[in-house]
Structure formats: C-alpha cells, structure tokens
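Q: One file is attached below, target-v4.cif, containing mmCIF, C-alpha atoms.
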```
data_protein
loop_
_atom_site.label_atom_id
_atom_site.label_comp_id
_atom_site.auth_asym_id
_atom_site.auth_seq_id
_atom_site.Cartn_x
_atom_site.Cartn_y
_atom_site.Cartn_z
CA MET V 1 0.00 0.00 0.00
CA LYS V 2 1.22 3.49 -0.78
CA ARG V 3 2.01 5.49 2.37
CA ASP V 4 -0.05 8.42 1.17
CA ALA V 5 -3.05 6.36 0.02
CA ARG V 6 -6.32 8.21 0.56
CA PRO V 7 -9.17 5.72 0.08
CA GLN V 8 -12.25 7.19 -1.51
CA ARG V 9 -15.67 5.58 -1.44
CA THR V 10 -17.58 5.18 -4.69
CA ASN V 11 -20.48 7.48 -5.45
CA ALA V 12 -23.39 5.20 -4.63
CA LEU V 13 -26.88 5.26 -3.16
CA SER V 14 -27.01 4.22 0.46
CA ARG V 15 -29.60 3.56 3.13
CA GLU V 16 -28.94 3.36 6.86
CA LEU V 17 -30.56 0.48 8.69
CA GLU V 18 -30.29 -0.16 12.42
CA ASP V 19 -26.80 -1.60 12.45
CA GLU V 20 -26.14 -1.95 8.74
CA LEU V 21 -25.78 0.08 5.62
CA ILE V 22 -27.20 -0.86 2.23
CA VAL V 23 -25.19 0.51 -0.69
CA TYR V 24 -26.34 0.42 -4.32
CA ASP V 25 -23.89 1.17 -7.09
CA SER V 26 -25.89 2.33 -10.12
CA GLU V 27 -22.94 1.82 -12.47
CA THR V 28 -22.23 -1.82 -11.68
CA HIS V 29 -25.75 -2.60 -10.43
CA GLN V 30 -24.30 -4.28 -7.39
CA ALA V 31 -25.98 -3.99 -4.01
CA HIS V 32 -24.07 -4.47 -0.77
CA SER V 33 -24.96 -4.92 2.85
CA LEU V 34 -22.27 -3.57 5.19
CA ASN V 35 -22.20 -4.31 8.89
CA HIS V 36 -21.39 -1.61 11.46
CA THR V 37 -17.60 -1.86 11.06
CA ALA V 38 -17.58 -1.91 7.28
CA ALA V 39 -20.14 0.90 7.12
CA ALA V 40 -18.16 3.17 9.46
CA VAL V 41 -14.95 2.64 7.49
CA TRP V 42 -16.67 3.11 4.11
CA LYS V 43 -18.19 6.38 5.26
CA ALA V 44 -14.79 7.54 6.47
CA CYS V 45 -13.25 6.99 3.03
CA ASP V 46 -13.52 10.61 1.90
CA GLY V 47 -10.55 10.59 -0.47
CA LYS V 48 -8.74 13.12 1.73
CA SER V 49 -7.83 11.16 4.85
CA THR V 50 -4.88 8.83 4.94
CA VAL V 51 -5.12 5.44 6.64
CA ALA V 52 -3.43 6.91 9.73
CA ASP V 53 -5.95 9.78 9.79
CA MET V 54 -8.79 7.31 9.50
CA VAL V 55 -7.61 5.23 12.46
CA THR V 56 -7.78 8.37 14.60
CA SER V 57 -11.11 9.59 13.28
CA LEU V 58 -12.75 6.16 13.63
CA GLU V 59 -11.71 5.67 17.27
CA LYS V 60 -15.04 7.02 18.48
CA ALA V 61 -17.29 5.02 16.14
CA LEU V 62 -15.23 1.85 16.44
CA PRO V 63 -13.49 1.76 19.84
CA GLY V 64 -10.39 -0.42 19.69
CA ILE V 65 -9.90 -0.10 15.95
CA ASP V 66 -6.30 -0.36 14.88
CA ARG V 67 -4.41 -0.19 11.62
CA ARG V 68 -4.70 -3.92 10.95
CA LEU V 69 -8.48 -4.01 11.32
CA LEU V 70 -8.79 -0.93 9.15
CA LEU V 71 -6.66 -2.52 6.45
CA VAL V 72 -8.70 -5.72 6.54
CA THR V 73 -11.86 -3.65 6.17
CA LEU V 74 -10.42 -1.62 3.31
CA ILE V 75 -9.42 -4.83 1.55
CA GLU V 76 -13.01 -6.08 1.89
CA LEU V 77 -14.40 -2.82 0.55
CA GLN V 78 -11.92 -2.78 -2.30
CA ALA V 79 -12.81 -6.37 -3.24
CA ALA V 80 -16.51 -5.43 -3.29
CA GLY V 81 -15.79 -2.53 -5.65
CA LEU V 82 -16.80 0.06 -3.08
CA LEU V 83 -13.62 2.14 -3.32
CA VAL V 84 -12.64 4.31 -6.25
CA LYS V 85 -9.91 2.53 -8.19
CA GLY V 86 -6.44 3.86 -7.58
CA THR V 87 -7.25 5.50 -4.26
CA PHE V 88 -6.35 2.39 -2.28
CA SER V 89 -4.57 -0.77 -3.21
CA ILE V 90 -2.62 -3.13 -1.10
CA ASP V 91 0.40 -5.00 -2.31
CA ARG V 92 -0.53 -8.52 -1.32
CA GLY V 93 3.07 -9.65 -1.70
CA ASN V 94 4.21 -7.49 1.20
CA SER V 95 1.21 -7.86 3.44
CA SER V 96 -0.46 -10.60 5.37
CA SER V 97 -3.48 -12.29 3.91
CA ARG V 98 -6.89 -11.39 5.32
CA ARG V 99 -6.97 -14.67 7.22
CA ASP V 100 -3.52 -14.03 8.73
CA MET V 101 -4.54 -10.56 9.78
CA ILE V 102 -7.72 -11.82 11.40
CA ARG V 103 -5.82 -14.55 13.26
CA LYS V 104 -3.31 -12.03 14.57
CA MET V 105 -6.09 -9.75 15.76
CA GLY V 106 -7.47 -12.54 17.90
CA LYS V 107 -10.48 -11.90 20.10
CA ILE V 108 -10.82 -8.22 19.30
CA ALA V 109 -11.36 -9.08 15.68
CA ALA V 110 -13.99 -11.64 16.55
CA VAL V 111 -16.41 -8.92 17.67
CA ALA V 112 -15.56 -6.26 15.14
CA LEU V 113 -14.83 -7.99 11.86
CA PRO V 114 -16.10 -6.22 8.77
CA ILE V 115 -18.78 -8.02 6.81
CA VAL V 116 -19.68 -7.05 3.28
CA ILE V 117 -22.31 -9.08 1.44
CA SER V 118 -22.77 -8.29 -2.24
CA ILE V 119 -25.19 -9.25 -4.98
CA VAL V 120 -25.58 -8.30 -8.60
CA VAL V 121 -29.10 -6.93 -9.06
CA PRO V 122 -30.68 -8.77 -11.98
CA THR V 123 -32.08 -7.17 -15.11
CA ALA V 124 -35.83 -7.46 -15.58
CA SER V 125 -35.37 -10.38 -17.95
CA MET V 126 -32.97 -12.13 -15.56
CA ALA V 127 -35.51 -11.71 -12.78
CA LEU V 128 -38.23 -13.46 -14.75
CA SER V 129 -39.32 -16.61 -13.06
CA CYS V 130 -39.18 -18.64 -16.21
CA LEU V 131 -40.50 -18.74 -19.75
CA ALA V 132 -43.92 -20.14 -20.50
CA LEU V 133 -44.66 -22.90 -22.97
CA GLY V 134 -44.04 -21.83 -26.54
CA GLN V 135 -41.73 -18.96 -25.59
CA VAL V 136 -38.39 -18.64 -27.30
CA CYS V 137 -35.55 -19.97 -25.12
CA THR V 138 -31.85 -20.83 -25.22
CA LYS V 139 -31.50 -23.53 -22.54
CA ASN V 140 -33.65 -25.90 -20.48
CA SER V 141 -33.39 -23.86 -17.30
CA ASP V 142 -34.98 -20.89 -19.11
CA CYS V 143 -38.29 -22.73 -19.27
CA CYS V 144 -40.96 -23.28 -16.65
CA SER V 145 -41.30 -26.75 -18.12
CA GLY V 146 -37.55 -27.36 -17.86
CA ARG V 147 -37.49 -28.28 -21.57
CA CYS V 148 -36.11 -26.05 -24.28
CA GLY V 149 -35.78 -27.48 -27.77
CA ILE V 150 -36.33 -27.14 -31.47
CA LEU V 151 -39.81 -27.90 -32.78
CA GLY V 152 -39.21 -28.05 -36.49
CA LEU V 153 -37.16 -25.04 -37.45
CA PRO V 154 -35.17 -22.78 -35.10
CA PRO V 155 -35.53 -20.86 -32.81
CA LYS V 156 -35.67 -23.07 -29.74
CA VAL V 157 -38.85 -22.83 -27.69
CA CYS V 158 -40.09 -24.13 -24.32
CA PHE V 159 -42.25 -27.20 -24.72
CA MET O 1 -49.48 6.21 -27.75
CA VAL O 2 -48.67 2.51 -27.74
CA ASP O 3 -46.23 1.30 -25.07
CA ARG O 4 -45.86 -2.22 -26.36
CA LEU O 5 -47.33 -3.83 -29.44
CA TYR O 6 -48.24 -7.51 -29.44
CA SER O 7 -48.78 -9.35 -32.73
CA PHE O 8 -50.41 -12.76 -32.96
CA PHE O 9 -50.05 -14.94 -36.03
CA ILE O 10 -52.52 -17.77 -35.80
CA SER O 11 -51.85 -20.52 -38.28
CA GLY O 12 -54.88 -21.49 -40.31
CA GLY O 13 -55.84 -23.27 -43.45
CA GLN O 14 -55.61 -26.92 -44.30
CA PRO O 15 -52.83 -28.91 -42.62
CA ARG O 16 -50.32 -30.17 -45.12
CA ARG O 17 -48.52 -33.45 -44.81
CA GLY O 18 -45.03 -33.07 -43.35
CA VAL O 19 -45.58 -29.41 -42.55
CA ARG O 20 -46.27 -28.07 -39.08
CA SER O 21 -48.00 -24.71 -38.89
CA PHE O 22 -46.92 -22.75 -35.84
CA HIS O 23 -48.71 -19.97 -34.05
CA LEU O 24 -46.43 -17.01 -33.42
CA LEU O 25 -46.37 -14.21 -30.89
CA PHE O 26 -44.29 -11.07 -31.16
CA GLY O 27 -43.77 -8.36 -28.56
CA ASP O 28 -42.80 -5.30 -30.60
CA ILE O 29 -40.29 -6.93 -32.97
CA GLN O 30 -39.16 -9.70 -30.64
CA ASN O 31 -40.35 -13.24 -31.25
CA LEU O 32 -41.80 -14.29 -27.88
CA ALA O 33 -43.42 -17.61 -28.72
CA ARG O 34 -43.69 -20.20 -31.44
CA THR O 35 -46.02 -23.06 -30.72
CA LEU O 36 -48.54 -25.46 -32.17
CA HIS O 37 -51.00 -24.84 -29.32
CA GLU O 38 -53.09 -21.70 -28.92
CA ASP O 39 -53.27 -22.04 -25.13
CA GLU O 40 -49.48 -21.96 -24.95
CA LEU O 41 -49.45 -18.84 -27.08
CA LEU O 42 -51.90 -17.17 -24.71
CA GLY O 43 -49.82 -18.33 -21.72
CA ALA O 44 -46.75 -16.69 -23.23
CA PHE O 45 -48.74 -13.52 -23.85
CA GLU O 46 -49.97 -13.42 -20.25
CA SER O 47 -46.50 -14.04 -18.88
CA ASP O 48 -44.87 -11.32 -20.97
CA LEU O 49 -47.66 -8.83 -20.29
CA ASN O 50 -47.44 -9.41 -16.51
CA ASN O 51 -43.70 -8.88 -16.59
CA TYR O 52 -44.00 -5.79 -18.75
CA ILE O 53 -46.51 -4.30 -16.35
CA GLY O 54 -44.33 -5.33 -13.41
CA ARG O 55 -41.28 -3.50 -14.66
CA SER O 56 -42.95 -0.42 -16.06
CA THR O 57 -45.74 0.50 -13.66
CA SER O 58 -45.40 3.26 -11.10
CA ASN O 59 -48.37 2.00 -9.10
CA GLY O 60 -46.51 -0.77 -7.36
CA PHE O 61 -43.07 -2.29 -6.99
CA PHE O 62 -42.98 -5.87 -8.24
CA VAL O 63 -40.87 -8.65 -6.70
CA HIS O 64 -41.02 -12.30 -7.72
CA ALA O 65 -42.61 -13.94 -4.70
CA GLY O 66 -45.45 -15.98 -3.37
CA VAL O 67 -47.65 -14.10 -0.89
CA VAL O 68 -50.31 -15.16 1.60
CA GLY O 69 -52.12 -13.28 4.35
CA TRP O 70 -52.17 -14.50 7.94
CA LYS O 71 -53.87 -12.64 10.78
CA GLY O 72 -53.53 -9.21 9.27
CA ARG O 73 -49.92 -9.62 8.12
CA ALA O 74 -48.41 -10.92 4.92
CA ILE O 75 -46.00 -13.81 4.55
CA VAL O 76 -43.81 -13.14 1.52
CA ILE O 77 -41.76 -15.92 -0.09
CA PRO O 78 -39.37 -14.36 -2.63
CA GLY O 79 -37.76 -16.61 -5.19
CA VAL O 80 -37.31 -17.57 -8.77
CA SER O 81 -39.09 -20.37 -10.48
CA HIS O 82 -38.40 -23.95 -9.41
CA CYS O 83 -37.58 -22.91 -5.83
CA GLY O 84 -40.93 -24.28 -4.74
CA LYS O 85 -42.75 -21.11 -3.71
CA THR O 86 -46.05 -22.18 -5.23
CA MET O 87 -46.03 -25.39 -3.17
CA LEU O 88 -45.49 -23.31 -0.04
CA VAL O 89 -48.31 -20.97 -0.98
CA LYS O 90 -50.58 -23.95 -1.56
CA GLU O 91 -49.63 -25.41 1.83
CA PHE O 92 -50.29 -22.09 3.58
CA LEU O 93 -53.71 -21.96 1.92
CA GLN O 94 -54.45 -25.44 3.19
CA HIS O 95 -53.67 -24.15 6.69
CA GLY O 96 -56.22 -21.34 6.29
CA ALA O 97 -54.15 -18.42 4.98
CA SER O 98 -55.70 -16.01 2.49
CA TYR O 99 -54.34 -15.90 -1.03
CA TYR O 100 -52.43 -12.94 -2.45
CA SER O 101 -50.18 -14.30 -5.19
CA ASP O 102 -47.97 -17.16 -6.26
CA GLU O 103 -45.91 -15.04 -8.64
CA PHE O 104 -45.54 -11.38 -7.64
CA ALA O 105 -45.49 -9.42 -4.42
CA VAL O 106 -46.73 -5.95 -5.36
CA PHE O 107 -45.50 -3.44 -2.78
CA ASP O 108 -46.82 0.09 -2.38
CA GLU O 109 -44.81 3.09 -1.18
CA ARG O 110 -45.52 2.19 2.47
CA GLY O 111 -44.05 -1.27 1.97
CA TYR O 112 -47.47 -2.94 2.17
CA VAL O 113 -48.24 -5.79 -0.20
CA SER O 114 -51.35 -6.03 -2.41
CA ALA O 115 -52.88 -9.05 -4.08
CA PHE O 116 -51.83 -10.15 -7.57
CA ALA O 117 -54.22 -13.00 -7.45
CA LYS O 118 -54.13 -14.97 -10.62
CA PRO O 119 -54.87 -18.70 -10.24
CA LEU O 120 -52.06 -20.77 -8.76
CA GLY O 121 -49.83 -22.35 -11.38
CA ILE O 122 -49.13 -25.82 -10.04
CA ARG O 123 -46.88 -28.07 -12.10
CA ASP O 124 -47.85 -31.57 -12.99
CA GLU O 125 -45.02 -33.73 -11.67
CA ILE O 126 -44.84 -35.89 -14.77
CA SER O 127 -45.50 -33.54 -17.67
CA GLN O 128 -44.13 -30.45 -15.86
CA ARG O 129 -46.95 -28.46 -17.45
CA GLN O 130 -48.69 -25.94 -15.25
CA VAL O 131 -52.24 -26.53 -14.15
CA ARG O 132 -54.22 -23.46 -13.03
CA ILE O 133 -56.06 -23.81 -9.73
CA LEU O 134 -58.30 -21.18 -8.17
CA PRO O 135 -57.63 -20.46 -4.47
CA LYS O 136 -61.28 -21.08 -3.64
CA GLU O 137 -60.71 -24.72 -4.55
CA PHE O 138 -58.77 -24.87 -1.28
CA GLY O 139 -61.67 -23.09 0.44
CA ASN O 140 -59.76 -19.82 0.71
CA GLU O 141 -60.56 -16.22 0.06
CA THR O 142 -58.36 -13.91 -1.97
CA GLY O 143 -56.95 -11.04 0.04
CA VAL O 144 -58.43 -7.61 -0.64
CA GLU O 145 -56.62 -5.23 1.71
CA ALA O 146 -52.98 -4.33 1.36
CA LEU O 147 -51.06 -5.85 4.29
CA PRO O 148 -47.84 -4.99 6.11
CA VAL O 149 -45.27 -7.76 5.80
CA GLY O 150 -44.90 -9.91 8.91
CA LEU O 151 -42.49 -12.48 7.55
CA LEU O 152 -40.02 -12.74 4.69
CA LEU O 153 -39.21 -16.35 3.97
CA PHE O 154 -36.16 -17.10 1.83
CA THR O 155 -36.14 -20.80 1.22
CA ARG O 156 -35.53 -23.33 -1.48
CA TYR O 157 -36.66 -26.91 -1.81
CA GLN O 158 -33.88 -29.44 -1.34
CA GLU O 159 -34.61 -33.13 -1.27
CA PHE O 160 -34.08 -34.62 2.21
CA ALA O 161 -33.44 -31.19 3.77
CA SER O 162 -35.01 -30.46 7.12
CA TRP O 163 -36.28 -27.01 8.02
CA LYS O 164 -33.82 -25.31 10.38
CA PRO O 165 -34.31 -21.62 9.71
CA LYS O 166 -31.79 -18.95 10.49
CA VAL O 167 -32.72 -15.37 11.22
CA MET O 168 -31.44 -12.89 8.65
CA THR O 169 -30.60 -9.26 9.23
CA THR O 170 -32.75 -6.50 7.76
CA GLY O 171 -29.97 -5.74 5.28
CA GLY O 172 -29.91 -9.37 4.18
CA GLY O 173 -33.65 -9.17 3.66
CA VAL O 174 -33.32 -6.07 1.49
CA LEU O 175 -30.64 -7.77 -0.63
CA GLY O 176 -32.82 -10.85 -1.01
CA LEU O 177 -35.73 -8.74 -2.22
CA LEU O 178 -33.51 -6.77 -4.61
CA ALA O 179 -32.32 -10.04 -6.13
CA ASN O 180 -35.90 -10.86 -7.10
CA ALA O 181 -37.14 -7.40 -8.05
CA LEU O 182 -38.23 -6.62 -11.60
CA ALA O 183 -37.31 -2.96 -11.82
CA ALA O 184 -34.52 -2.43 -9.28
CA ARG O 185 -31.99 -1.46 -11.94
CA GLU O 186 -34.32 1.09 -13.49
CA GLN O 187 -35.51 2.57 -10.18
CA PRO O 188 -32.79 1.86 -7.58
CA GLU O 189 -33.67 4.74 -5.26
CA ARG O 190 -37.34 3.81 -5.16
CA ALA O 191 -36.42 0.14 -4.76
CA LEU O 192 -34.26 0.85 -1.71
CA THR O 193 -36.88 3.06 -0.10
CA ILE O 194 -39.73 0.58 -0.53
CA LEU O 195 -37.80 -2.59 0.20
CA GLU O 196 -36.25 -1.10 3.32
CA ARG O 197 -39.77 -0.38 4.60
CA VAL O 198 -40.83 -3.92 3.77
CA ALA O 199 -37.91 -5.53 5.58
CA ARG O 200 -37.84 -3.23 8.62
CA GLY O 201 -41.11 -4.48 10.05
CA ALA O 202 -40.68 -8.15 9.20
CA GLN O 203 -39.17 -11.24 10.68
CA ILE O 204 -36.72 -12.61 8.11
CA LEU O 205 -35.95 -16.31 7.93
CA THR O 206 -33.81 -18.34 5.58
CA GLY O 207 -32.96 -21.99 5.11
CA GLU O 208 -33.31 -24.98 2.87
CA ARG O 209 -36.49 -26.93 3.24
CA GLY O 210 -37.82 -30.38 2.62
CA HIS O 211 -41.57 -30.90 2.67
CA ALA O 212 -43.63 -27.71 2.56
CA ARG O 213 -45.87 -28.93 5.40
CA ASP O 214 -42.99 -28.88 7.94
CA VAL O 215 -42.09 -25.29 7.04
CA VAL O 216 -45.63 -24.00 7.15
CA GLN O 217 -46.46 -25.50 10.52
CA GLY O 218 -43.19 -24.19 11.99
CA VAL O 219 -43.70 -20.73 10.54
CA LEU O 220 -47.31 -20.40 11.68
CA ASP O 221 -46.36 -21.55 15.19
CA ARG O 222 -43.62 -18.95 15.22
CA LEU O 223 -45.96 -16.16 14.08
CA THR O 224 -48.66 -17.15 16.53
CA ASN O 225 -46.33 -17.25 19.58
#
```
Can I see the file as structure tokens?

A:
Amino acid sequence: MKRDARPQRTNALSRELEDELIVYDSETHQAHSLNHTAAAVWKACDGKSTVADMVTSLEKALPGIDRRLLLVTLIELQAAGLLVKGTFSIDRGNSSSRRDMIRKMGKIAAVALPIVISIVVPTASMALSCLALGQVCTKNSDCCSGRCGILGLPPKVCF
Amino acid sequence: MVDRLYSFFISGGQPRRGVRSFHLLFGDIQNLARTLHEDELLGAFESDLNNYIGRSTSNGFFVHAGVVGWKGRAIVIPGVSHCGKTMLVKEFLQHGASYYSDEFAVFDERGYVSAFAKPLGIRDEISQRQVRILPKEFGNETGVEALPVGLLLFTRYQEFASWKPKVMTTGGGVLGLLANALAAREQPERALTILERVARGAQILTGERGHARDVVQGVLDRLTN
C-alpha cells in the first residue's frame, strides 16, 4: 500500500438500517450490505484522509480499531468494488493475507470484523421466473417446463 | 401512444402433410413464442404482459414472490421459479391463509403488499406443465386489503433437507428482495426506499427446506407465539 493512500468511497446510493448500511452502485448494479464496522470505514473513506488519519477519526465510532483491522476492512471494501480505483490498493506480496490478519487480531477481531455481502441486481429479464410454454428460449433452465428445444425449425422454444 | 405492441399470427388453413404450422407471438419486434397450441401462445402472452406491467408501472413495486395473508400480516416468499414457492403458498392456503399471489409481491410506497391474485400455477409432476387452480378450490378467500409484511421467507426446496431456519438481518432481507425485483436497476432509489420499509417491520428467515408442510407449521407456530 502506498504510504499516502487516501481511500475514496464510490459514489453510490445508500440507506442506513439499524446496524447496517445498504449501498447500491448504479454503475455496476451491485448492491451491498455492510455491517457496522464496514459501514463506518466506508463512510470515512472521503478521499482526503490517509489510513493513519482514519484510524484516529474512527476511534469514536469503532473503539479499539487499529491499523490492521482498518486494512482488513479496506481490503473487503476494495474487493466489493466500493472504493474508487487507484485510491487504495494493497500489495498482497508485502502484506499478510486477510486470514492471517484476522488470526493475529485474535479476540478483538472476533467482535468487530467487517462483513460485506454483495449481490448483482438482476435485469428485468434475468428476474423473470421462467419462460412459458411456446416462448423462445436458449437452454432448459430458461423454461418453466424445464425443456427447451427445437420444434421443427429454429428458434428453440419451451415445450 | 402505444407502449408495447403484441402481434399474434394464428396458423390457419388446411394442414399439409409433413408441414407443421406454428402460431407465433411477437412483442414489438421480438419473437416471444412459437407453438402449435393456442393455449401456450396465450400463456406466453400473459407471462410477458405481466412482466412488462411489473417493470414499467409506477403503481406498485414488483418482486417475484409468493404471498399469503395471515392474521392481518403478509407472509412473503421471494424466489425464482423452481424454488418451490407455489407449493409453499398452496400449503399455507391449506392451513387457512388467504391468497395474495404465487408469482408477484406488489408493494406500495408504504411497503405494504397487495394481491396479484391470478390462479395458482401448479406443475404436474410428470408432464411439468402448469395446471391453473383457483384459491377457492382450497376453500380460501383472496386477500383484498394491502397488508404490512410480517415475515419474509427465503427458502428453497432441497430433497431430504429439514427445516432449520436462520434469522437474517434487515440488510440481508433487502438484498434478497432486490435479487428478485423486476425494476430495481431502473428505479434503484425507489427500490431501496420501498424494500427497506418492507424488511424493517418483518421477521426474516432463511434456510433450505424439505416438505412444505414442515415449514408452514413451523412458521405459523412462530408467528402465533
């Protein structure tokens, strides 16, 4: 990681829940659920603060946070595509893996680990339950009947 | 102004040996169906029309789900086809729930769910073709009032699985609903607002299930206690 890295969160829609944050990225159409730790760190990624600054500023929201936990969280956020590219990257060759970091953090980590759950929001056609009989299909799983094939001439249809 | 143009081509005339005459359905310029049977053509038309309405209307937010009413609250079972939601709906009806939908949960801006009560589409186990059954054949009424959601049930049929549900967080519930929504990409802000309201007031359970009867009894006991 560059010493002067200033992680910046992506420009995305967000909604606060009780102890979580839902983030929707309209460019990638990914939705994410961030737990308290991940949400606090993501919100602190203003593109101006360095990692050292962030450790200090997050002390109140996340008592006991240290550089290692912050790095683990940033790695999670980066992997989920929630940080602007180029504003944070960690050189995995010189750093511990996430699992190593978590092991080293021991019990403190067990109560404060960042959790980021992500999904790709489907298009309307992907969200369709299935295709009805006679509808044009490409594979068996497209069809409510589970059967997609050629009746005479192409195209394939559900039958 | 025409939003979407459907064209039906019904094959007619004398059948010729060695030639099959297909009925065709187009939605705008897209070929939606090609079949020898008129009922299949109409089924394809209904399916496409429902989905078009679901993704373009501003009067409701559509999520693929089965829905029943139970003591003034809705039980919503989001999921794609073949996850067994219709069987769960049928089982809930047999336990006295009121029918709302076996295909779409239609949420309003408050996060309440309204009925989309077309007949249940139950698959014949052998032919896999859907048979339409009216809810009153189970002795049940169709829900009229919009209901707040009491339970979100994310489950999938798995042979030999036993029902051991886990409680999901509200955020997990919102993600699960987004994954089954028709127009989330087109209206993400509205989707988040509505689905957050849906999930906030609900219990949210997830788990694989075996027989629908075991799930339904467990869920109704949980809601009653």

Q: How many Å lie between CA of Leu36 (chain O) and CA of Phe8 (chain O), rounded to one decimal?

A: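 These atoms are spaced 12.9 Å apart.
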
Q: Using the chain letters and numbering of this document, enumerate as a ChimeraX atom specification the residues selected by the PyMOL selection byres ((chain O and resi 178) around 12).

A: /V:22-24,29-33,118-124,127 /O:61-65,78-79,171-177,179-196,198-199

Q: Can you list what the PyMOL selection byres ((chain O and resi 222) around 12) grabs from this structure, as a list in words?

A: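 That selection, the PyMOL selection byres ((chain O and resi 222) around 12), comes back as Gly150, Leu151, Pro165, Gln203, Ile204, Leu205, Val215, Val216, Gln217, Gly218, Val219, Leu220, Asp221, Leu223, Thr224 and Asn225 of chain O.
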
Q: Any chance you could work out the residue set of the PyMOL selection byres ((chain O and resi 139) around 9) here, as a ChimeraX atom specification?

A: /O:93-94,96,135-138,140-141

Q: Choose the residue, out of O:Asn59, O:Thr169, O:Ser162, O:Ser101, that has the smallest atom-to-atom separation from chain V; count all atoms listed in the file.

A: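 Checking each of O:Asn59, O:Thr169, O:Ser162, O:Ser101 against chain V, counting all atoms listed in the file, the winner is O:Thr169.
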
Q: Could you please determine the separation between CA of Glu109 (chain O) and CA of Arg200 (chain O) in Å, to one decimal place?

A: 13.6 Å

Q: Could you check how far CA of Ser26 (chain V) sits from CA of Thr10 (chain V), in Å to one decimal?

A: 10.3 Å

Q: From the options O:Phe116, O:Ala146, O:Lys164, O:Gly201, which residue's atoms come nearest to chain V, counting only C-alpha atoms?

A: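 Counting only C-alpha atoms, the residue closest to chain V is O:Gly201.
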
Q: Leaving out Asp46 (chain V) and any residue of its chain fewer than 5 positions from it, which residues lie within 7 Å of it when counting only C-alpha atoms, given as an MDAnalysis selection string?

A: chainID V and resid 7:9

Q: Give me a file of those residues, with C-alpha atoms, as a CSV table (one decimal), in the coordinates of the input.

A:
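Contents of again32.csv, as written:
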```csv
chain,number,residue,atom,x,y,z
V,7,PRO,CA,-9.2,5.7,0.1
V,8,GLN,CA,-12.2,7.2,-1.5
V,9,ARG,CA,-15.7,5.6,-1.4
```

Q: Using only C-alpha atoms, which of O:Leu25, O:Ile10, O:Ala33, O:Leu49 sits nearest chain V?

A: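 Result for the nearest residue to chain V: O:Ala33.
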
Q: Have a look at V:Glu76, V:Lys156, V:Ala112, V:Trp42 and name the one nearest to Asn140 (chain V); count only C-alpha atoms.

A: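 Selected residue with least distance to Asn140 (chain V): V:Lys156.
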
Q: For chain O, which residue out of V:Asp4, V:Glu59, V:Ile117, V:Ile65 is the nearest one, using all atoms listed in the file?

A: V:Ile117

Q: Between V:Gly64, V:Leu17, V:Ala5, V:Ala39, which one has atoms that come closest to Ile90 (chain V), using only C-alpha atoms?

A: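 Looking at the shortest contact to Ile90 (chain V), the residue is V:Ala5.
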